[in-house]
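With mmCIF, C-alpha atoms inside, this is model_19.cif:
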data_target
loop_
_atom_site.group_PDB
_atom_site.id
_atom_site.type_symbol
_atom_site.label_atom_id
_atom_site.label_comp_id
_atom_site.auth_asym_id
_atom_site.auth_seq_id
_atom_site.Cartn_x
_atom_site.Cartn_y
_atom_site.Cartn_z
ATOM 1 C CA MET A 1 36.937 27.782 -38.488
ATOM 2 C CA ALA A 2 37.748 28.143 -34.811
ATOM 3 C CA MET A 3 35.414 26.464 -32.362
ATOM 4 C CA ASN A 4 33.930 28.350 -29.446
ATOM 5 C CA PRO A 5 35.701 27.318 -26.253
ATOM 6 C CA ILE A 6 33.672 25.116 -23.903
ATOM 7 C CA GLY A 7 34.157 25.791 -20.220
ATOM 8 C CA ARG A 8 34.593 23.042 -17.678
ATOM 9 C CA LEU A 9 31.979 22.711 -14.942
ATOM 10 C CA GLU A 10 33.596 22.467 -11.530
ATOM 11 C CA ILE A 11 31.834 21.450 -8.317
ATOM 12 C CA GLU A 12 32.862 23.306 -5.179
ATOM 13 C CA PRO A 13 32.176 22.114 -1.597
ATOM 14 C CA ILE A 14 29.195 24.149 -0.402
ATOM 15 C CA ARG A 15 30.298 23.835 3.209
ATOM 16 C CA LYS A 16 33.519 25.623 2.263
ATOM 17 C CA ALA A 17 31.676 28.358 0.415
ATOM 18 C CA PHE A 18 29.057 28.928 3.128
ATOM 19 C CA PRO A 19 30.411 28.267 6.606
ATOM 20 C CA LYS A 20 27.251 29.580 8.285
ATOM 21 C CA GLU A 21 24.074 27.870 7.113
ATOM 22 C CA ALA A 22 21.487 30.392 8.282
ATOM 23 C CA ALA A 23 23.477 33.508 7.473
ATOM 24 C CA ASP A 24 24.891 32.529 4.074
ATOM 25 C CA PHE A 25 23.437 29.328 2.647
ATOM 26 C CA THR A 26 19.777 30.260 3.165
ATOM 27 C CA ARG A 27 20.301 33.693 1.586
ATOM 28 C CA TRP A 28 22.066 32.035 -1.347
ATOM 29 C CA LEU A 29 19.107 29.729 -1.884
ATOM 30 C CA GLU A 30 16.762 32.673 -1.538
ATOM 31 C CA SER A 31 18.535 34.503 -4.336
ATOM 32 C CA HIS A 32 18.324 31.420 -6.558
ATOM 33 C CA ILE A 33 14.742 30.441 -5.762
ATOM 34 C CA GLU A 34 13.799 30.508 -9.444
ATOM 35 C CA GLY A 35 16.407 27.865 -10.220
ATOM 36 C CA LEU A 36 14.968 25.607 -7.544
ATOM 37 C CA ALA A 37 11.445 26.283 -8.819
ATOM 38 C CA ASP A 38 12.482 25.248 -12.328
ATOM 39 C CA ARG A 39 13.928 21.962 -11.081
ATOM 40 C CA VAL A 40 10.892 20.912 -9.020
ATOM 41 C CA GLY A 41 8.460 22.263 -11.600
ATOM 42 C CA ILE A 42 6.594 24.596 -9.248
ATOM 43 C CA LYS A 43 6.232 28.365 -9.460
ATOM 44 C CA LEU A 44 7.661 29.696 -6.192
ATOM 45 C CA THR A 45 7.168 33.171 -4.801
ATOM 46 C CA LEU A 46 9.176 33.996 -1.693
ATOM 47 C CA VAL A 47 7.061 35.130 1.248
ATOM 48 C CA GLN A 48 9.518 35.228 4.134
ATOM 49 C CA ARG A 49 12.862 33.945 5.311
ATOM 50 C CA GLU A 50 13.076 32.401 8.807
ATOM 51 C CA GLN A 51 9.291 32.265 9.322
ATOM 52 C CA ALA A 52 8.547 31.497 12.964
ATOM 53 C CA VAL A 53 6.584 28.325 13.774
ATOM 54 C CA GLY A 54 6.389 28.065 17.561
ATOM 55 C CA ASP A 55 9.960 27.750 18.809
ATOM 56 C CA PHE A 56 11.255 26.957 15.306
ATOM 57 C CA ASN A 57 11.907 28.924 12.139
ATOM 58 C CA VAL A 58 11.189 27.801 8.573
ATOM 59 C CA ASP A 59 14.236 28.530 6.437
ATOM 60 C CA LEU A 60 12.181 29.777 3.497
ATOM 61 C CA LEU A 61 8.412 30.183 3.241
ATOM 62 C CA CYS A 62 7.049 30.492 -0.285
ATOM 63 C CA GLU A 63 3.755 30.316 -2.155
ATOM 64 C CA ASP A 64 2.961 28.295 -5.248
ATOM 65 C CA ALA A 65 0.999 29.513 -8.267
ATOM 66 C CA ASP A 66 -2.283 28.945 -6.402
ATOM 67 C CA GLY A 67 -1.169 30.860 -3.328
ATOM 68 C CA ARG A 68 -0.715 27.747 -1.184
ATOM 69 C CA PRO A 69 2.178 27.701 1.314
ATOM 70 C CA VAL A 70 5.373 25.921 0.338
ATOM 71 C CA ILE A 71 8.055 25.335 2.949
ATOM 72 C CA ILE A 72 11.739 24.934 2.177
ATOM 73 C CA GLU A 73 14.034 23.415 4.753
ATOM 74 C CA ASN A 74 17.727 23.506 3.877
ATOM 75 C CA GLN A 75 20.563 21.579 5.430
ATOM 76 C CA LEU A 76 24.264 22.207 4.876
ATOM 77 C CA GLN A 77 25.209 18.658 5.886
ATOM 78 C CA LYS A 78 23.956 15.080 5.799
ATOM 79 C CA THR A 79 20.217 14.769 6.214
ATOM 80 C CA ASP A 80 19.127 13.852 9.728
ATOM 81 C CA HIS A 81 16.000 13.045 11.705
ATOM 82 C CA ASP A 82 15.934 16.493 13.289
ATOM 83 C CA HIS A 83 15.439 18.250 9.957
ATOM 84 C CA LEU A 84 12.954 15.623 8.802
ATOM 85 C CA GLY A 85 10.919 16.313 11.931
ATOM 86 C CA LYS A 86 11.078 20.047 11.302
ATOM 87 C CA LEU A 87 9.944 19.539 7.713
ATOM 88 C CA LEU A 88 6.795 17.735 8.862
ATOM 89 C CA THR A 89 6.209 20.146 11.754
ATOM 90 C CA TYR A 90 6.301 23.169 9.448
ATOM 91 C CA LEU A 91 4.120 21.494 6.835
ATOM 92 C CA VAL A 92 1.374 20.721 9.345
ATOM 93 C CA ASN A 93 1.465 23.959 11.343
ATOM 94 C CA LEU A 94 1.535 26.234 8.299
ATOM 95 C CA ASP A 95 -1.049 24.113 6.477
ATOM 96 C CA ALA A 96 1.347 23.889 3.547
ATOM 97 C CA SER A 97 0.754 21.856 0.403
ATOM 98 C CA THR A 98 4.405 21.274 -0.480
ATOM 99 C CA ALA A 99 7.585 20.606 1.495
ATOM 100 C CA ILE A 100 11.032 20.847 -0.131
ATOM 101 C CA TRP A 101 14.089 19.531 1.681
ATOM 102 C CA VAL A 102 17.287 20.935 0.162
ATOM 103 C CA THR A 103 20.504 19.307 1.306
ATOM 104 C CA THR A 104 24.124 18.863 0.327
ATOM 105 C CA GLU A 105 24.322 15.235 1.505
ATOM 106 C CA PRO A 106 21.076 13.263 1.241
ATOM 107 C CA ARG A 107 20.939 9.897 2.990
ATOM 108 C CA LEU A 108 19.292 7.025 1.140
ATOM 109 C CA GLU A 109 17.188 6.264 4.229
ATOM 110 C CA HIS A 110 15.660 9.749 4.133
ATOM 111 C CA GLN A 111 15.091 9.544 0.392
ATOM 112 C CA LYS A 112 13.014 6.427 1.050
ATOM 113 C CA VAL A 113 11.022 8.349 3.663
ATOM 114 C CA ILE A 114 10.212 11.106 1.165
ATOM 115 C CA ASP A 115 9.154 8.492 -1.389
ATOM 116 C CA TRP A 116 6.937 6.897 1.258
ATOM 117 C CA LEU A 117 5.364 10.238 2.186
ATOM 118 C CA ASN A 118 4.502 10.918 -1.446
ATOM 119 C CA GLU A 119 2.994 7.471 -1.741
ATOM 120 C CA SER A 120 1.068 7.515 1.518
ATOM 121 C CA THR A 121 -0.280 11.051 1.848
ATOM 122 C CA PRO A 122 -3.258 12.631 0.026
ATOM 123 C CA ALA A 123 -2.866 13.751 -3.588
ATOM 124 C CA ASP A 124 -2.783 17.444 -2.612
ATOM 125 C CA LEU A 125 0.424 17.032 -0.568
ATOM 126 C CA SER A 126 3.865 16.924 -2.190
ATOM 127 C CA PHE A 127 7.330 16.230 -0.793
ATOM 128 C CA TYR A 128 10.685 16.794 -2.476
ATOM 129 C CA LEU A 129 14.227 15.853 -1.571
ATOM 130 C CA VAL A 130 16.689 17.963 -3.533
ATOM 131 C CA LYS A 131 20.468 17.681 -3.564
ATOM 132 C CA VAL A 132 22.238 20.987 -4.086
ATOM 133 C CA GLU A 133 25.812 21.484 -5.227
ATOM 134 C CA ALA A 134 27.805 24.641 -5.894
ATOM 135 C CA ALA A 135 29.058 24.833 -9.474
ATOM 136 C CA ARG A 136 31.182 27.276 -11.393
ATOM 137 C CA ILE A 137 32.737 27.526 -14.843
ATOM 138 C CA GLY A 138 36.148 29.097 -14.804
ATOM 139 C CA ASP A 139 36.089 32.204 -12.650
ATOM 140 C CA SER A 140 32.297 32.572 -12.689
ATOM 141 C CA PRO A 141 30.383 33.087 -9.433
ATOM 142 C CA LEU A 142 29.139 29.989 -7.710
ATOM 143 C CA ALA A 143 25.772 28.824 -9.048
ATOM 144 C CA PRO A 144 23.461 26.198 -7.543
ATOM 145 C CA LEU A 145 23.104 22.831 -9.236
ATOM 146 C CA PHE A 146 19.840 21.252 -8.057
ATOM 147 C CA THR A 147 19.081 17.548 -8.480
ATOM 148 C CA VAL A 148 15.639 16.246 -7.501
ATOM 149 C CA LEU A 149 16.132 12.848 -5.847
ATOM 150 C CA ALA A 150 12.557 12.273 -4.711
ATOM 151 C CA GLY A 151 9.279 13.917 -5.585
ATOM 152 C CA PRO A 152 5.613 13.197 -6.240
ATOM 153 C CA ASP A 153 4.183 11.872 -9.472
ATOM 154 C CA LYS A 154 0.815 10.547 -10.582
ATOM 155 C CA GLN A 155 1.897 6.924 -10.558
ATOM 156 C CA THR A 156 3.283 7.179 -7.028
ATOM 157 C CA LYS A 157 0.026 8.644 -5.732
ATOM 158 C CA GLU A 158 -1.984 5.965 -7.523
ATOM 159 C CA VAL A 159 0.181 3.245 -5.971
ATOM 160 C CA GLY A 160 -0.331 4.867 -2.575
ATOM 161 C CA GLU A 161 -4.108 4.925 -3.010
ATOM 162 C CA LYS A 162 -4.085 1.278 -4.056
ATOM 163 C CA LYS A 163 -2.037 0.335 -0.974
ATOM 164 C CA LYS A 164 -4.515 2.171 1.254
ATOM 165 C CA GLU A 165 -7.335 0.303 -0.432
ATOM 166 C CA TRP A 166 -5.542 -3.010 0.158
ATOM 167 C CA ALA A 167 -4.849 -2.133 3.791
ATOM 168 C CA GLU A 168 -8.501 -1.235 4.365
ATOM 169 C CA ARG A 169 -9.585 -4.452 2.683
ATOM 170 C CA HIS A 170 -7.213 -6.483 4.882
ATOM 171 C CA PHE A 171 -8.597 -4.808 8.003
ATOM 172 C CA LYS A 172 -12.166 -5.565 6.948
ATOM 173 C CA ARG A 173 -11.316 -9.193 6.248
ATOM 174 C CA VAL A 174 -9.810 -9.632 9.719
ATOM 175 C CA GLU A 175 -12.910 -8.089 11.289
ATOM 176 C CA PHE A 176 -15.205 -10.255 9.185
ATOM 177 C CA TRP A 177 -13.376 -13.456 10.106
ATOM 178 C CA LYS A 178 -13.353 -12.498 13.785
ATOM 179 C CA GLY A 179 -17.128 -12.202 13.753
ATOM 180 C CA LEU A 180 -17.656 -15.394 11.770
ATOM 181 C CA LEU A 181 -15.340 -17.478 13.946
ATOM 182 C CA GLU A 182 -16.962 -16.216 17.151
ATOM 183 C CA ARG A 183 -20.399 -17.160 15.831
ATOM 184 C CA SER A 184 -19.098 -20.488 14.581
ATOM 185 C CA LYS A 185 -17.824 -21.512 18.042
ATOM 186 C CA GLU A 186 -21.404 -21.378 19.322
ATOM 187 C CA LYS A 187 -22.583 -23.947 16.774
ATOM 188 C CA THR A 188 -19.760 -26.287 15.777
ATOM 189 C CA LYS A 189 -16.204 -27.366 16.525
ATOM 190 C CA LEU A 190 -15.310 -26.781 12.888
ATOM 191 C CA PHE A 191 -12.776 -23.934 12.599
ATOM 192 C CA SER A 192 -12.375 -23.834 16.400
ATOM 193 C CA ASN A 193 -8.568 -23.767 16.029
ATOM 194 C CA ILE A 194 -8.490 -21.276 13.157
ATOM 195 C CA SER A 195 -7.412 -17.638 13.665
ATOM 196 C CA PRO A 196 -8.675 -14.684 11.611
ATOM 197 C CA GLY A 197 -6.306 -13.502 8.883
ATOM 198 C CA ARG A 198 -6.033 -10.971 6.075
ATOM 199 C CA SER A 199 -6.672 -13.394 3.212
ATOM 200 C CA ASN A 200 -10.010 -13.677 1.458
ATOM 201 C CA TRP A 201 -10.366 -17.260 2.682
ATOM 202 C CA ILE A 202 -9.896 -19.439 5.742
ATOM 203 C CA GLY A 203 -9.913 -23.212 5.687
ATOM 204 C CA THR A 204 -9.800 -26.335 7.804
ATOM 205 C CA GLY A 205 -9.117 -29.986 6.968
ATOM 206 C CA ALA A 206 -11.824 -32.218 5.526
ATOM 207 C CA GLY A 207 -10.274 -35.549 6.551
ATOM 208 C CA LYS A 208 -8.175 -36.060 3.442
ATOM 209 C CA SER A 209 -4.821 -34.417 2.738
ATOM 210 C CA GLY A 210 -5.140 -31.421 0.457
ATOM 211 C CA VAL A 211 -8.929 -31.312 0.737
ATOM 212 C CA SER A 212 -10.413 -28.582 2.916
ATOM 213 C CA PHE A 213 -13.621 -26.932 3.963
ATOM 214 C CA THR A 214 -13.158 -23.273 3.162
ATOM 215 C CA TYR A 215 -14.937 -19.990 3.753
ATOM 216 C CA VAL A 216 -14.492 -17.298 1.093
ATOM 217 C CA ILE A 217 -15.332 -13.594 1.335
ATOM 218 C CA SER A 218 -15.340 -11.186 -1.614
ATOM 219 C CA MET A 219 -16.368 -7.563 -1.963
ATOM 220 C CA ASP A 220 -19.999 -8.366 -2.793
ATOM 221 C CA TRP A 221 -20.451 -12.103 -2.235
ATOM 222 C CA ALA A 222 -19.329 -14.929 0.033
ATOM 223 C CA GLY A 223 -19.158 -18.699 -0.010
ATOM 224 C CA ALA A 224 -18.755 -21.954 1.898
ATOM 225 C CA GLU A 225 -17.046 -24.666 -0.107
ATOM 226 C CA LEU A 226 -15.143 -27.911 -0.354
ATOM 227 C CA TYR A 227 -11.793 -27.161 -1.983
ATOM 228 C CA ILE A 228 -10.038 -30.135 -3.575
ATOM 229 C CA ASP A 229 -6.268 -29.897 -4.094
ATOM 230 C CA TYR A 230 -5.136 -33.367 -3.041
ATOM 231 C CA ASP A 231 -2.886 -33.844 -6.070
ATOM 232 C CA HIS A 232 -0.253 -31.095 -6.401
ATOM 233 C CA ASP A 233 1.400 -32.679 -9.432
ATOM 234 C CA THR A 234 -0.912 -33.313 -12.373
ATOM 235 C CA GLY A 235 -4.211 -32.562 -10.656
ATOM 236 C CA GLU A 236 -5.719 -35.765 -12.079
ATOM 237 C CA LYS A 237 -6.564 -37.133 -8.641
ATOM 238 C CA ASN A 238 -8.330 -33.871 -7.806
ATOM 239 C CA LYS A 239 -10.601 -34.373 -10.792
ATOM 240 C CA ALA A 240 -11.126 -38.010 -9.784
ATOM 241 C CA ILE A 241 -12.310 -36.957 -6.301
ATOM 242 C CA PHE A 242 -14.564 -34.314 -7.800
ATOM 243 C CA ASP A 243 -16.041 -36.756 -10.328
ATOM 244 C CA ALA A 244 -16.710 -39.326 -7.613
ATOM 245 C CA LEU A 245 -18.679 -36.743 -5.655
ATOM 246 C CA TYR A 246 -20.391 -35.377 -8.754
ATOM 247 C CA ALA A 247 -21.692 -38.871 -9.505
ATOM 248 C CA GLN A 248 -23.668 -38.477 -6.249
ATOM 249 C CA LYS A 249 -24.793 -34.921 -7.042
ATOM 250 C CA ASP A 250 -28.533 -35.472 -6.632
ATOM 251 C CA ALA A 251 -28.166 -37.303 -3.335
ATOM 252 C CA ILE A 252 -25.662 -34.766 -2.008
ATOM 253 C CA GLU A 253 -27.818 -31.752 -2.866
ATOM 254 C CA LYS A 254 -30.905 -33.430 -1.406
ATOM 255 C CA GLU A 255 -29.092 -34.122 1.858
ATOM 256 C CA PHE A 256 -27.479 -30.669 1.870
ATOM 257 C CA GLY A 257 -30.862 -29.055 1.361
ATOM 258 C CA GLY A 258 -30.344 -27.107 -1.865
ATOM 259 C CA PRO A 259 -28.328 -26.711 -5.064
ATOM 260 C CA LEU A 260 -24.544 -26.277 -5.063
ATOM 261 C CA ASP A 261 -22.081 -24.875 -7.578
ATOM 262 C CA TRP A 262 -20.056 -27.780 -9.004
ATOM 263 C CA GLU A 263 -16.832 -26.281 -10.353
ATOM 264 C CA ARG A 264 -14.532 -28.895 -11.861
ATOM 265 C CA LEU A 265 -12.202 -26.141 -13.114
ATOM 266 C CA ASP A 266 -10.765 -28.102 -16.028
ATOM 267 C CA ASP A 267 -8.247 -25.348 -16.783
ATOM 268 C CA LYS A 268 -6.846 -25.443 -13.240
ATOM 269 C CA ARG A 269 -5.306 -28.027 -10.949
ATOM 270 C CA ALA A 270 -7.889 -27.832 -8.154
ATOM 271 C CA SER A 271 -11.679 -28.277 -8.110
ATOM 272 C CA ARG A 272 -14.380 -27.135 -5.707
ATOM 273 C CA ILE A 273 -17.981 -27.538 -4.650
ATOM 274 C CA ARG A 274 -19.410 -24.255 -3.400
ATOM 275 C CA LYS A 275 -22.465 -22.703 -1.844
ATOM 276 C CA ARG A 276 -22.432 -19.063 -2.887
ATOM 277 C CA PHE A 277 -24.202 -16.177 -1.147
ATOM 278 C CA THR A 278 -24.815 -12.972 -3.095
ATOM 279 C CA ASP A 279 -26.805 -10.990 -0.544
ATOM 280 C CA GLY A 280 -23.794 -9.330 1.072
ATOM 281 C CA GLY A 281 -20.044 -9.016 1.108
ATOM 282 C CA LEU A 282 -17.009 -7.243 2.484
ATOM 283 C CA THR A 283 -18.223 -3.784 1.455
ATOM 284 C CA SER A 284 -21.533 -4.147 3.328
ATOM 285 C CA PRO A 285 -20.770 -4.524 7.062
ATOM 286 C CA ASP A 286 -24.464 -4.232 7.871
ATOM 287 C CA THR A 287 -24.993 -7.600 6.139
ATOM 288 C CA TRP A 288 -22.215 -9.394 8.005
ATOM 289 C CA PRO A 289 -24.210 -10.899 10.925
ATOM 290 C CA GLY A 290 -26.836 -12.508 8.700
ATOM 291 C CA LEU A 291 -24.292 -13.496 6.072
ATOM 292 C CA GLN A 292 -22.039 -15.140 8.657
ATOM 293 C CA GLU A 293 -24.968 -17.147 10.047
ATOM 294 C CA GLU A 294 -25.818 -18.397 6.553
ATOM 295 C CA MET A 295 -22.213 -19.329 5.841
ATOM 296 C CA ILE A 296 -21.831 -21.233 9.105
ATOM 297 C CA ASP A 297 -25.083 -23.095 8.579
ATOM 298 C CA ALA A 298 -24.022 -24.049 5.039
ATOM 299 C CA MET A 299 -20.598 -25.183 6.245
ATOM 300 C CA ILE A 300 -22.110 -27.457 8.902
ATOM 301 C CA ARG A 301 -24.311 -29.066 6.266
ATOM 302 C CA LEU A 302 -21.402 -29.397 3.817
ATOM 303 C CA ASP A 303 -19.331 -31.132 6.464
ATOM 304 C CA LYS A 304 -22.167 -33.500 7.399
ATOM 305 C CA THR A 305 -22.917 -34.310 3.755
ATOM 306 C CA LEU A 306 -19.458 -34.525 2.176
ATOM 307 C CA ARG A 307 -17.036 -35.727 4.862
ATOM 308 C CA PRO A 308 -18.410 -39.304 5.068
ATOM 309 C CA ARG A 309 -18.428 -39.577 1.273
ATOM 310 C CA LEU A 310 -14.866 -38.249 1.020
ATOM 311 C CA ALA A 311 -13.659 -40.926 3.448
ATOM 312 C CA LYS A 312 -14.910 -43.654 1.095
ATOM 313 C CA ILE A 313 -13.174 -42.287 -2.013
ATOM 314 C CA GLU A 314 -9.860 -43.955 -2.820
ATOM 315 C CA VAL A 315 -7.463 -42.273 -5.262
#

Here is the file; what I need is its structure written in the form of structure tokens.
Amino acid sequence: MAMNPIGRLEIEPIRKAFPKEAADFTRWLESHIEGLADRVGIKLTLVQREQAVGDFNVDLLCEDADGRPVIIENQLQKTDHDHLGKLLTYLVNLDASTAIWVTTEPRLEHQKVIDWLNESTPADLSFYLVKVEAARIGDSPLAPLFTVLAGPDKQTKEVGEKKKEWAERHFKRVEFWKGLLERSKEKTKLFSNISPGRSNWIGTGAGKSGVSFTYVISMDWAGAELYIDYDHDTGEKNKAIFDALYAQKDAIEKEFGGPLDWERLDDKRASRIRKRFTDGGLTSPDTWPGLQEEMIDAMIRLDKTLRPRLAKIEV
């Protein structure tokens, strides 16, 4: 039984087929808009070719299934900053929900930009980078071969939202530490050489290597503590320091002026002694002034109570 012949797919240079981008290439894409729509997974209805936006013209203006504007910027050459700028300009000025950049030669740098835009912008905005090639089988007319190189997806948007959350949290931490350190300078020399950072803690030496007085800020609580990580190998000396202090627990808490959390942390290398505050945190800026005052006061008392005892412990 004879087999049906299988044609060979041949790729033709689009620049050779369409020497004039605006006059030929854009019209070619216009006539194959359904093929592009299938590849990006969006229903596209053509509204206008060369839609004016100020002094510029959108190559193709479409609408999606919900009637929201979709802009298509095509480029019959390597992607460049000029077309990237146009893509964003059209998106903003036409209040579009989707921007599609169709090109014959995508640069990796611009693909990364499109990925970043999908990750960093709101969920209702979508960006695509699509490589287009001209293909034919035998003597057939040229047909577009679209390959989506970058586009939005749920995971990308979720990662973007998480990064925004982290960035906001880092900003709040810096602001919190700025306020605490300014208040601290008025009361003690402790932390006078410490700068605010993005971490959830800041620390200063307690007179013994690897042992520090540390402030901690969380979303809904804060703390002032002695953090013991003198021994970076087995951690046995850390437990020995902790146990030596714990043997004086009653005297320490009496001098400190209240109970402390004694956390030996047997499943970890380090140990700590902490005063925890649960009446505020990073998400409640209105509590920061009072919370910072409490933390500073507790840290001064921790230093006065624990530093002399630490100096007498030999490990």

If you measure from CA of Gly210 in chain A to CA of His170 in chain A, what distance in Å do you get, rounded to one decimal? 25.4 Å

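Coordinates place CA of Lys268 in chain A at a distance of 20.1 Å from CA of Ile202 in chain A.
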
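Minimum distance to Leu60 in chain A across A:Phe146, A:Lys172, A:Val102, A:Asp153 (counting only C-alpha atoms) occurs at A:Val102.
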
Residues within 9 Å of Leu245 in chain A, all atoms listed in the file, excluding chain neighbours under 2 positions, as a PyMOL selection string: chain A and resi 240-243+247-249+252+306+309-310+313

Using the chain letters and numbers from the file, give me the residues hit by the PyMOL selection byres ((chain A and resi 30-37) around 10), as a ChimeraX atom specification. /A:24-29,38-46,48-49,59-62,64,72,100,102,130,132,143-148

Nearby residues (all atoms listed in the file) at most 9 Å from Asn200 in chain A, same-chain spacing under 2 positions excluded, as a ChimeraX atom specification: /A:170,173,197-198,202,215-218

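Distances to Leu125 in chain A were evaluated for A:Arg301, A:His232, A:Arg68, A:Lys239 using only C-alpha atoms, and the minimum falls at A:Arg68.
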
Suppose a student applies the PyMOL selection byres ((chain A and resi 281) around 12) to this structure; what residues should they get, written as a ChimeraX atom specification? /A:169,172-173,176,200,216-223,276-280,282-292,295

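For the pair CA of Glu182 in chain A and CA of Lys208 in chain A, the separation is 25.7 Å.
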
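Of the residues under consideration (A:Arg269, A:Ser195, A:Ala251, A:Asp303), A:Asp303 shows the shortest atom-to-atom contact distance to Gly207 in chain A when counting all atoms listed in the file.
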
N, CA and C atoms for range 81-93 of chain A, written as a short mmCIF file (atom, residue, chain, number, x, y, z; two decimals), in the coordinates of the input, could you do that?
data_model
loop_
_atom_site.label_atom_id
_atom_site.label_comp_id
_atom_site.auth_asym_id
_atom_site.auth_seq_id
_atom_site.Cartn_x
_atom_site.Cartn_y
_atom_site.Cartn_z
N HIS A 81 17.38 13.16 11.23
CA HIS A 81 16.00 13.04 11.70
C HIS A 81 15.47 14.38 12.21
N ASP A 82 16.35 15.20 12.76
CA ASP A 82 15.93 16.49 13.29
C ASP A 82 15.31 17.35 12.19
N HIS A 83 15.97 17.42 11.04
CA HIS A 83 15.44 18.25 9.96
C HIS A 83 14.21 17.61 9.32
N LEU A 84 14.15 16.29 9.30
CA LEU A 84 12.95 15.62 8.80
C LEU A 84 11.76 15.97 9.69
N GLY A 85 11.98 15.95 11.00
CA GLY A 85 10.92 16.31 11.93
C GLY A 85 10.47 17.75 11.75
N LYS A 86 11.42 18.65 11.53
CA LYS A 86 11.08 20.05 11.30
C LYS A 86 10.25 20.20 10.03
N LEU A 87 10.65 19.47 8.99
CA LEU A 87 9.94 19.54 7.71
C LEU A 87 8.47 19.21 7.90
N LEU A 88 8.18 18.15 8.64
CA LEU A 88 6.80 17.74 8.86
C LEU A 88 6.08 18.70 9.80
N THR A 89 6.80 19.20 10.81
CA THR A 89 6.21 20.15 11.75
C THR A 89 5.77 21.42 11.04
N TYR A 90 6.63 21.95 10.19
CA TYR A 90 6.30 23.17 9.45
C TYR A 90 5.15 22.94 8.48
N LEU A 91 5.17 21.80 7.81
CA LEU A 91 4.12 21.49 6.84
C LEU A 91 2.75 21.50 7.51
N VAL A 92 2.66 20.83 8.66
CA VAL A 92 1.37 20.72 9.35
C VAL A 92 0.94 22.05 9.93
N ASN A 93 1.85 22.74 10.63
CA ASN A 93 1.46 23.96 11.34
C ASN A 93 1.20 25.14 10.43
#
